[in-house]
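*Asks:* Here it is: the structure, laid out below.
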Amino acid sequence: MQELEQVAKESYKVLKKQGICAFMIGDIRKKGYVLPLGMNSMQKFVDAGFKLKEIVIKEQHNCRSTDYWEGKERKFLMLAHEYIFILEKADDHNPI
């Protein structure tokens, strides 16, 4: 997350005013619990000064782990989505 924070700050620095930044990312599961990587990543960009314009939730098909879990008893839902965050460089914010 620290490296992503640096990417967010640098992106804010190099984009022109009202420039658009977009990225796609999915959540992950660690030791049986969901780590909201998507939302945490988006927040780094907002903290750097971007304004969130849109969140697109994309259904994930053909996940690598689907075949592994097919037919097995599991106590969790498959993470079957990714986020596309569309952000704009704000005119009225100083980057962190």
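Following the order of the structure tokens, chains are lettered A, B, ..., residues in each are numbered from 1, and ligands are numbered from 1.
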Hey, what's within 8 Å of segment 38-48 of chain A if we count only C-alpha atoms and toss same-chain stuff fewer than 6 positions away? As an mmCIF file with C-alpha atoms, in the first residue's frame, please?
*Replies:*
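Result saved to selection-v9.cif:
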```cif
data_model
loop_
_atom_site.group_PDB
_atom_site.id
_atom_site.type_symbol
_atom_site.label_atom_id
_atom_site.label_comp_id
_atom_site.auth_asym_id
_atom_site.auth_seq_id
_atom_site.Cartn_x
_atom_site.Cartn_y
_atom_site.Cartn_z
ATOM 1 C CA MET A 1 0.000 0.000 0.000
ATOM 2 C CA LEU A 4 0.603 2.515 -4.263
ATOM 3 C CA GLU A 5 0.460 5.687 -2.180
ATOM 4 C CA ALA A 8 -1.100 8.079 -6.385
ATOM 5 C CA LYS A 9 0.970 11.095 -5.336
ATOM 6 C CA TYR A 12 -1.500 13.620 -9.096
ATOM 7 C CA ILE A 25 -8.126 -3.755 -9.116
ATOM 8 C CA GLY A 26 -9.784 -6.561 -7.183
ATOM 9 C CA ASP A 27 -10.029 -7.509 -3.545
ATOM 10 C CA GLU A 82 -13.092 -6.167 -9.754
ATOM 11 C CA TYR A 83 -13.364 -2.414 -9.466
ATOM 12 C CA PHE A 85 -12.007 3.494 -10.344
ATOM 13 C CA LEU A 87 -10.723 9.690 -10.692
ATOM 14 C CA PRO A 95 -1.520 16.899 -2.722
ATOM 15 C CA ILE A 96 -0.287 15.314 0.485
#
```
*Asks:* What separation in Å, quoted to one decimal, exists between atom CA of Gly49 of chain A and atom CA of His81 of chain A?
*Replies:*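 Going from atom CA of Gly49 of chain A over to atom CA of His81 of chain A, I get 26.1 Å.
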*Asks:* Tell me, in Å to one decimal, how far atom CA of Ile84 of chain A is from atom CA of Tyr33 of chain A.
*Replies:*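 We find that atom CA of Ile84 of chain A and atom CA of Tyr33 of chain A lie 22.0 Å from each other.
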